[in-house]
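For reference, the structure is listed below as structure tokens.
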Amino acid sequence: MYLISGASGHLGRLTISHLIDTAKVPASQIIATTRKPETLADLAKRGVSVRAADFDQPASLAAAFAGADRALLISTDAIGRRAEQSATAIAAAKAAGVEHLLYTSMPAPETSAVLFGPEHLAAERAIAASGIAGWTILRNNWYFENLFFVMPQALASGSWYSAAENGGIAYIARNDLARAAALALATAKGRSTLTLTGARSYTTAEIASLVAASTGKPLGVVPVPVDGLIQGIIGAGLPEPVARVFASFDTATARGDLAQVTGDYKTLTGLDPAPLEPWIAANARGLLGQP
Ligand SMILES: NC(=O)c1ccc[n+]([C@@H]2O[C@H](COP(=O)([O-])OP(=O)(O)OC[C@H]3O[C@@H](n4cnc5c(N)ncnc54)[C@H](OP(=O)(O)O)[C@@H]3O)[C@@H](O)[C@H]2O)c1
């Protein structure tokens with residue numbers, strides 16, 4: 001039995017699709033755990049076993065994980081609480097007899113300037129120390145889809161305030177990360193750490209130029225120091241801790257923490273990662289913040 005946590009999230013849903021359609025795992029061998037089972041009625045109808053699980057409620061996990069042989073823990077979005085949540089979920093997977101555990105991490109969590117790197121590193125280390133026989137760490141680089149959060153405001157003013165300097169990010173499509181996660185969940189053996197990236201990295205200026213061409217809107221990169229970026233994000237209405245996390249993405253980018261390109265995606269899936277240019281060209285409306 002193959003278990004996926006966080007099954008109602010964007011990555012979780014896509015991973016289940018790939019598990020069924022790409023990895024050809026029968027729906028009857030899939031356990032989808034989520035805090036919101038009612039949102040997965042379509043999967044239940046297809047034969048997937050949909051179960052309630054919340055990493056903040058350890059008591060929910062024994063029943064949820066029962067019978068799972070291989071399990072993918074999708075990191076949660078609760079930044080600041082994730083080390084504890086992961087520890088709870090890893091212990092529950094071990095107690096349930098999971099033989100191969102997978103986890104969605106981020107590039108270079110040991111050294112990255114991204115402020116939540118230590119949370120992912122803690123999860124990776126807890127998995128290595130868990131006594132579970134096999135594991136695969138999926139160090140996912142930034143999604144193409146992250147641009148949907150950044151671009152609407154930048155395009156509205158024509159100015160993209162950035163502290164990323166000339167650093168690049170090896171963006172990868174969320175759908176590719178779901179394919180990789182599904183195939184690893186279905187087949188990975190032993191113990192490995194994979195860094196999943198796109199085929200090349202892109203600087204902020206390169207992204208701005210591609211987005212301007214796609215949307216027909218002018219977009220200039222305005223270099224700002226990281227403290228100025230934090231103040232700007234606070235000024236836009238976000239709390240300071242959140243502003244510091246977002247700004248740390250730029251610090252990490254400037255340092256090259258997110259620029260590494262690897263062949264791990266191709267080795268795992270046999271495919272080249274989807275290129276960013278056609279994605280940006282096809283998603284002008286979303287980049288403008290339009291439905
Ligand atoms: N690489 C990147 O660029 C990038 C970007 C954004 C996020 N991420 C990370 O990758 C994860 C998946 O991305 P996504 O696009 O699918 O994000 P998303 O759609 O926002 O999904 C959030 C996920 O967190 C799970 N979750 C939240 N609280 C939980 C809890 N208490 N117990 C168990 N699960 C919990 C949700 O599961 P249910 O709602 O089904 O319970 C859901 O799978 C995110 O949660 C985040 O850690 C990576």
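Order determines the names: the first chain of the structure tokens is A, the second B, and so forth; residues in each chain are numbered 1 upward, and ligands are numbered 1 upward as they are shown.
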_Given 8 Å and only C-alpha atoms and all ligand atoms, residues near ligand 1 as a PyMOL selection string_ = chain A and resi 5-13+33-37+53-57+74-79+85+104-106+140-146+171+174
Could you turn the residues from that selection into a file that holds N, CA and C atoms, as a compact mmCIF listing (two decimals), in the first residue's frame?
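The result, stored in again.txt:
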# COMPACT_ATOMS: atom_id res chain seq x y z
N SER A 5 0.51 11.75 2.22
CA SER A 5 -0.12 12.69 3.15
C SER A 5 -0.36 14.02 2.43
N GLY A 6 -1.17 14.87 3.04
CA GLY A 6 -1.43 16.18 2.42
C GLY A 6 -2.08 16.03 1.07
N ALA A 7 -2.95 15.04 0.94
CA ALA A 7 -3.44 14.64 -0.38
C ALA A 7 -4.36 15.66 -1.03
N SER A 8 -4.89 16.60 -0.24
CA SER A 8 -5.78 17.59 -0.87
C SER A 8 -5.03 18.82 -1.34
N GLY A 9 -3.72 18.91 -1.05
CA GLY A 9 -2.95 20.06 -1.53
C GLY A 9 -2.67 19.95 -3.02
N HIS A 10 -2.09 21.01 -3.58
CA HIS A 10 -1.81 21.01 -5.03
C HIS A 10 -0.88 19.86 -5.40
N LEU A 11 0.22 19.72 -4.65
CA LEU A 11 1.20 18.69 -4.98
C LEU A 11 0.63 17.30 -4.68
N GLY A 12 -0.10 17.19 -3.60
CA GLY A 12 -0.67 15.89 -3.22
C GLY A 12 -1.61 15.35 -4.28
N ARG A 13 -2.51 16.21 -4.75
CA ARG A 13 -3.47 15.76 -5.77
C ARG A 13 -2.75 15.36 -7.06
N THR A 33 -4.10 10.57 2.72
CA THR A 33 -4.46 11.15 4.02
C THR A 33 -4.51 12.67 3.90
N THR A 34 -5.44 13.25 4.63
CA THR A 34 -5.69 14.69 4.54
C THR A 34 -6.44 15.16 5.79
N ARG A 35 -6.37 16.47 6.06
CA ARG A 35 -7.21 17.02 7.12
C ARG A 35 -8.65 17.18 6.66
N LYS A 36 -8.86 17.07 5.33
CA LYS A 36 -10.19 17.37 4.77
C LYS A 36 -10.66 16.23 3.86
N PRO A 37 -10.98 15.07 4.45
CA PRO A 37 -11.35 13.93 3.59
C PRO A 37 -12.54 14.24 2.67
N ALA A 53 -6.12 12.66 8.56
CA ALA A 53 -4.85 12.71 9.30
C ALA A 53 -4.42 14.15 9.42
N ASP A 54 -3.93 14.50 10.60
CA ASP A 54 -3.45 15.86 10.86
C ASP A 54 -2.18 15.72 11.68
N PHE A 55 -1.07 16.24 11.17
CA PHE A 55 0.21 16.06 11.88
C PHE A 55 0.20 16.79 13.24
N ASP A 56 -0.75 17.70 13.43
CA ASP A 56 -0.87 18.37 14.73
C ASP A 56 -1.65 17.52 15.73
N GLN A 57 -2.20 16.40 15.24
CA GLN A 57 -2.98 15.52 16.12
C GLN A 57 -2.42 14.11 16.04
N ILE A 74 4.23 14.81 2.57
CA ILE A 74 4.36 16.12 1.93
C ILE A 74 4.52 17.15 3.04
N SER A 75 5.60 17.93 2.96
CA SER A 75 5.84 18.95 3.99
C SER A 75 4.61 19.86 4.06
N THR A 76 4.27 20.28 5.28
CA THR A 76 3.07 21.11 5.43
C THR A 76 3.41 22.58 5.14
N ASP A 77 2.37 23.40 5.15
CA ASP A 77 2.58 24.84 4.92
C ASP A 77 2.64 25.62 6.24
N ALA A 78 2.75 24.91 7.36
CA ALA A 78 2.74 25.57 8.68
C ALA A 78 4.17 25.96 9.06
N ILE A 79 4.72 26.94 8.35
CA ILE A 79 6.12 27.35 8.59
C ILE A 79 6.28 27.74 10.06
N GLN A 85 5.91 18.85 13.47
CA GLN A 85 4.92 18.07 12.71
C GLN A 85 5.58 16.88 12.02
N THR A 104 9.21 15.65 1.12
CA THR A 104 9.50 16.77 0.22
C THR A 104 10.26 17.86 0.98
N SER A 105 11.54 18.03 0.61
CA SER A 105 12.40 19.00 1.27
C SER A 105 12.72 20.14 0.30
N MET A 106 13.82 20.78 0.48
CA MET A 106 14.24 21.90 -0.38
C MET A 106 15.74 21.80 -0.66
N ASN A 140 13.05 19.53 -3.42
CA ASN A 140 12.35 20.20 -4.53
C ASN A 140 12.78 21.66 -4.65
N ASN A 141 13.21 22.05 -5.85
CA ASN A 141 13.48 23.47 -6.05
C ASN A 141 12.15 24.23 -6.20
N TRP A 142 12.23 25.52 -6.36
CA TRP A 142 11.04 26.38 -6.39
C TRP A 142 10.16 26.06 -7.60
N TYR A 143 8.84 26.07 -7.38
CA TYR A 143 7.88 25.79 -8.44
C TYR A 143 7.82 26.95 -9.44
N PHE A 144 7.55 26.62 -10.71
CA PHE A 144 7.15 27.68 -11.66
C PHE A 144 6.00 28.49 -11.03
N GLU A 145 5.08 27.76 -10.40
CA GLU A 145 3.82 28.36 -9.93
C GLU A 145 4.04 29.42 -8.85
N ASN A 146 5.23 29.45 -8.22
CA ASN A 146 5.48 30.53 -7.25
C ASN A 146 5.39 31.89 -7.92
N TYR A 171 14.09 26.91 -11.35
CA TYR A 171 12.66 26.60 -11.20
C TYR A 171 12.30 25.29 -11.89
N ARG A 174 5.57 22.32 -10.88
CA ARG A 174 5.03 21.50 -9.78
C ARG A 174 4.57 20.14 -10.31
_Excluding Gly286 in chain A and its own-chain neighbours fewer than 3 positions away, which residues fall within 10 Å of it when counting only C-alpha atoms? Please give them as an MDAnalysis selection string._
chainID A and resid 145 147:149 151:152 215 280 282:283 289:291
*With distances taken over only C-alpha atoms, which of A:Ala68, A:Ile90, A:Ala281, A:Asp176 is nearest to Leu210 in chain A?*
A:Ala281
*asked:* Could you list, as a PyMOL selection string, every residue within 9 Å of range 16-26 of chain A, counting only C-alpha atoms and ignoring same-chain residues fewer than 4 positions away?
replied: chain A and resi 2+4+7+11-12+30+32+43+47-48+175+178-183+185-187
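Minimum atom-to-atom distance to Glu165 in chain A, evaluated using only C-alpha atoms, belongs to A:Val221 out of A:Val98, A:Leu258, A:Val221, A:Ile132.
Counting only C-alpha atoms, the residue from A:Leu155, A:Ala170, A:Ala163, A:Ala133 that sits nearest to Ser209 in chain A is A:Leu155.
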*One decimal, Å: what's the distance from CA of Ala129 in chain A over to CA of Gly97 in chain A, could you say?*
15.1 Å
*May I ask for the distance between CA of Gly263 in chain A and CA of Arg70 in chain A, given in Å to one decimal place?*
24.4 Å
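Proximity of A:Pro225, A:Gly235, A:Gly131, A:Gly168 to Val261 in chain A, computed with only C-alpha atoms, is greatest for A:Gly168.
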*Could you please determine the separation between CA of Glu240 in chain A and CA of Ala205 in chain A in Å, to one decimal place?*
26.2 Å
*Using backbone DSSP assignments, extract all strand (DSSP E or B) residues from range 90-221 of chain A; output them as a PyMOL selection string.*
chain A and resi 100-105+134-140+143+159-162+168-169+172+191-196+202-203+220-221
Selected residues, C-alpha atoms, written as an mmCIF file, in the first residue's frame, please.
data_model
loop_
_atom_site.group_PDB
_atom_site.id
_atom_site.type_symbol
_atom_site.label_atom_id
_atom_site.label_comp_id
_atom_site.auth_asym_id
_atom_site.auth_seq_id
_atom_site.Cartn_x
_atom_site.Cartn_y
_atom_site.Cartn_z
ATOM 1 C CA HIS A 100 10.163 3.195 2.646
ATOM 2 C CA LEU A 101 9.527 6.810 3.599
ATOM 3 C CA LEU A 102 9.723 9.840 1.303
ATOM 4 C CA TYR A 103 9.688 13.538 2.219
ATOM 5 C CA THR A 104 9.504 16.771 0.222
ATOM 6 C CA SER A 105 12.404 19.001 1.265
ATOM 7 C CA GLY A 134 14.558 2.840 3.166
ATOM 8 C CA TRP A 135 14.004 6.509 2.473
ATOM 9 C CA THR A 136 14.100 9.081 -0.289
ATOM 10 C CA ILE A 137 14.475 12.800 0.328
ATOM 11 C CA LEU A 138 13.060 14.871 -2.506
ATOM 12 C CA ARG A 139 14.779 18.245 -2.362
ATOM 13 C CA ASN A 140 12.352 20.202 -4.529
ATOM 14 C CA TYR A 143 7.875 25.794 -8.441
ATOM 15 C CA SER A 159 8.555 47.325 -10.803
ATOM 16 C CA TRP A 160 9.829 44.064 -9.353
ATOM 17 C CA TYR A 161 11.661 44.942 -6.136
ATOM 18 C CA SER A 162 14.335 42.322 -5.656
ATOM 19 C CA GLY A 168 19.400 32.422 -10.335
ATOM 20 C CA ILE A 169 16.730 29.887 -9.425
ATOM 21 C CA ILE A 172 10.779 23.364 -11.915
ATOM 22 C CA ARG A 191 18.430 5.557 0.878
ATOM 23 C CA SER A 192 18.918 8.604 -1.286
ATOM 24 C CA THR A 193 18.659 12.351 -1.407
ATOM 25 C CA LEU A 194 17.605 13.783 -4.772
ATOM 26 C CA THR A 195 17.748 17.454 -5.706
ATOM 27 C CA LEU A 196 15.006 18.053 -8.255
ATOM 28 C CA TYR A 202 17.051 31.973 -14.348
ATOM 29 C CA THR A 203 17.988 35.347 -12.914
ATOM 30 C CA GLY A 220 11.707 46.332 -14.622
ATOM 31 C CA VAL A 221 13.779 44.841 -11.831
#
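Among the candidates A:Gly216, A:Pro223, A:Pro273, A:Gly190, the residue lying nearest to Ala128 in chain A is A:Gly190 (atoms considered: only C-alpha atoms).
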*asked:* Which residues are close to Gly167 in chain A, i.e. within 7 Å by only C-alpha atoms, leaving aside same-chain residues fewer than 5 positions away? Reply as a PyMOL selection string.
replied: chain A and resi 203+253-256
Please produce a file of the residues just selected, as a short mmCIF file (atom, residue, chain, number, x, y, z; two decimals), in the first residue's frame, where the atoms kept are N, CA and C atoms.
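Okay, result_17.cif is ready:
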data_model
loop_
_atom_site.label_atom_id
_atom_site.label_comp_id
_atom_site.auth_asym_id
_atom_site.auth_seq_id
_atom_site.Cartn_x
_atom_site.Cartn_y
_atom_site.Cartn_z
N THR A 203 17.87 34.18 -13.79
CA THR A 203 17.99 35.35 -12.91
C THR A 203 16.65 36.09 -12.89
N THR A 253 18.84 33.36 -3.09
CA THR A 253 19.04 33.41 -4.54
C THR A 253 20.33 34.16 -4.86
N ALA A 254 20.53 35.29 -4.19
CA ALA A 254 21.75 36.09 -4.44
C ALA A 254 23.00 35.26 -4.15
N ARG A 255 22.91 34.40 -3.15
CA ARG A 255 24.07 33.57 -2.78
C ARG A 255 24.24 32.34 -3.66
N GLY A 256 23.27 32.08 -4.53
CA GLY A 256 23.37 30.91 -5.41
C GLY A 256 22.81 29.64 -4.80
#
*Could you give me the residues within range 60-268 of chain A that DSSP places in alpha helix (DSSP H), as an MDAnalysis selection string?*
chainID A and resid 61:65 82:96 117:128 147:157 174:187 204:215 226:235 240:255 264:268
Could you turn the residues from that selection into a file that holds C-alpha atoms, as an mmCIF file, in the first residue's frame?
data_model
loop_
_atom_site.group_PDB
_atom_site.id
_atom_site.type_symbol
_atom_site.label_atom_id
_atom_site.label_comp_id
_atom_site.auth_asym_id
_atom_site.auth_seq_id
_atom_site.Cartn_x
_atom_site.Cartn_y
_atom_site.Cartn_z
ATOM 1 C CA LEU A 61 -2.036 9.094 12.689
ATOM 2 C CA ALA A 62 -2.023 5.457 13.856
ATOM 3 C CA ALA A 63 -5.308 4.653 12.130
ATOM 4 C CA ALA A 64 -4.461 6.846 9.160
ATOM 5 C CA PHE A 65 -1.101 5.183 8.488
ATOM 6 C CA ARG A 82 7.053 21.890 10.622
ATOM 7 C CA ALA A 83 9.977 20.299 12.458
ATOM 8 C CA GLU A 84 7.610 19.129 15.192
ATOM 9 C CA GLN A 85 4.916 18.071 12.713
ATOM 10 C CA SER A 86 7.403 16.044 10.678
ATOM 11 C CA ALA A 87 8.801 14.369 13.778
ATOM 12 C CA THR A 88 5.277 13.310 14.748
ATOM 13 C CA ALA A 89 4.515 11.969 11.278
ATOM 14 C CA ILE A 90 7.863 10.146 10.942
ATOM 15 C CA ALA A 91 7.348 8.433 14.301
ATOM 16 C CA ALA A 92 3.850 7.395 13.232
ATOM 17 C CA ALA A 93 5.164 5.999 9.935
ATOM 18 C CA LYS A 94 7.764 3.964 11.799
ATOM 19 C CA ALA A 95 5.145 2.686 14.259
ATOM 20 C CA ALA A 96 2.879 1.704 11.355
ATOM 21 C CA GLY A 117 15.895 25.482 5.843
ATOM 22 C CA PRO A 118 16.428 24.183 9.409
ATOM 23 C CA GLU A 119 12.861 22.785 9.498
ATOM 24 C CA HIS A 120 13.487 20.685 6.408
ATOM 25 C CA LEU A 121 16.912 19.652 7.661
ATOM 26 C CA ALA A 122 15.355 18.517 10.937
ATOM 27 C CA ALA A 123 12.885 16.344 9.029
ATOM 28 C CA GLU A 124 15.630 14.862 6.852
ATOM 29 C CA ARG A 125 17.696 14.041 9.926
ATOM 30 C CA ALA A 126 14.717 12.571 11.766
ATOM 31 C CA ILE A 127 14.055 10.267 8.812
ATOM 32 C CA ALA A 128 17.703 9.143 8.682
ATOM 33 C CA LEU A 147 5.564 33.217 -9.936
ATOM 34 C CA PHE A 148 1.753 33.489 -9.599
ATOM 35 C CA PHE A 149 2.316 34.982 -6.136
ATOM 36 C CA VAL A 150 5.036 37.444 -7.030
ATOM 37 C CA MET A 151 4.073 38.676 -10.464
ATOM 38 C CA PRO A 152 0.607 40.255 -10.160
ATOM 39 C CA GLN A 153 1.818 42.991 -7.817
ATOM 40 C CA ALA A 154 5.073 43.522 -9.720
ATOM 41 C CA LEU A 155 3.215 43.802 -13.019
ATOM 42 C CA ALA A 156 0.651 46.209 -11.535
ATOM 43 C CA SER A 157 3.417 48.700 -10.727
ATOM 44 C CA ARG A 174 5.026 21.500 -9.785
ATOM 45 C CA ASN A 175 3.613 18.854 -12.110
ATOM 46 C CA ASP A 176 7.138 17.532 -12.741
ATOM 47 C CA LEU A 177 7.771 17.356 -9.001
ATOM 48 C CA ALA A 178 4.526 15.389 -8.635
ATOM 49 C CA ARG A 179 5.614 12.964 -11.367
ATOM 50 C CA ALA A 180 8.981 12.541 -9.646
ATOM 51 C CA ALA A 181 7.342 12.016 -6.248
ATOM 52 C CA ALA A 182 4.925 9.427 -7.641
ATOM 53 C CA LEU A 183 7.653 7.459 -9.408
ATOM 54 C CA ALA A 184 9.900 7.578 -6.350
ATOM 55 C CA LEU A 185 7.016 6.492 -4.133
ATOM 56 C CA ALA A 186 6.333 3.592 -6.482
ATOM 57 C CA THR A 187 9.884 2.428 -7.146
ATOM 58 C CA THR A 204 15.322 37.809 -11.824
ATOM 59 C CA ALA A 205 16.114 39.947 -14.892
ATOM 60 C CA GLU A 206 15.614 36.961 -17.216
ATOM 61 C CA ILE A 207 12.275 36.110 -15.611
ATOM 62 C CA ALA A 208 11.156 39.750 -15.826
ATOM 63 C CA SER A 209 11.927 39.857 -19.516
ATOM 64 C CA LEU A 210 10.035 36.596 -20.205
ATOM 65 C CA VAL A 211 7.042 37.753 -18.143
ATOM 66 C CA ALA A 212 6.956 41.153 -19.867
ATOM 67 C CA ALA A 213 6.959 39.453 -23.279
ATOM 68 C CA SER A 214 4.186 37.061 -22.222
ATOM 69 C CA THR A 215 1.893 39.660 -20.659
ATOM 70 C CA VAL A 226 17.246 42.972 1.771
ATOM 71 C CA ASP A 227 16.196 45.223 4.693
ATOM 72 C CA GLY A 228 14.388 47.477 2.242
ATOM 73 C CA LEU A 229 12.653 44.459 0.767
ATOM 74 C CA ILE A 230 11.484 43.349 4.224
ATOM 75 C CA GLN A 231 10.082 46.833 4.926
ATOM 76 C CA GLY A 232 8.364 46.853 1.534
ATOM 77 C CA ILE A 233 6.688 43.500 2.161
ATOM 78 C CA ILE A 234 5.548 44.683 5.615
ATOM 79 C CA GLY A 235 4.236 47.831 3.947
ATOM 80 C CA GLU A 240 7.185 40.843 9.755
ATOM 81 C CA PRO A 241 8.036 37.135 10.261
ATOM 82 C CA VAL A 242 6.442 36.307 6.909
ATOM 83 C CA ALA A 243 8.262 39.234 5.273
ATOM 84 C CA ARG A 244 11.550 37.908 6.640
ATOM 85 C CA VAL A 245 10.885 34.447 5.217
ATOM 86 C CA PHE A 246 10.017 35.814 1.758
ATOM 87 C CA ALA A 247 13.015 38.132 1.778
ATOM 88 C CA SER A 248 15.259 35.211 2.707
ATOM 89 C CA PHE A 249 14.381 33.653 -0.658
ATOM 90 C CA ASP A 250 16.145 36.612 -2.306
ATOM 91 C CA THR A 251 19.141 36.373 0.022
ATOM 92 C CA ALA A 252 19.402 32.680 -0.839
ATOM 93 C CA THR A 253 19.039 33.409 -4.543
ATOM 94 C CA ALA A 254 21.746 36.086 -4.441
ATOM 95 C CA ARG A 255 24.073 33.568 -2.777
ATOM 96 C CA ASP A 264 18.273 13.820 -10.683
ATOM 97 C CA TYR A 265 14.857 14.519 -12.231
ATOM 98 C CA LYS A 266 15.847 12.865 -15.510
ATOM 99 C CA THR A 267 17.512 9.934 -13.774
ATOM 100 C CA LEU A 268 14.335 9.287 -11.786
#
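Nearest residue to Leu72 in chain A among A:Val50, A:Thr111, A:Thr15, A:Pro239 is A:Thr15, counting only C-alpha atoms.
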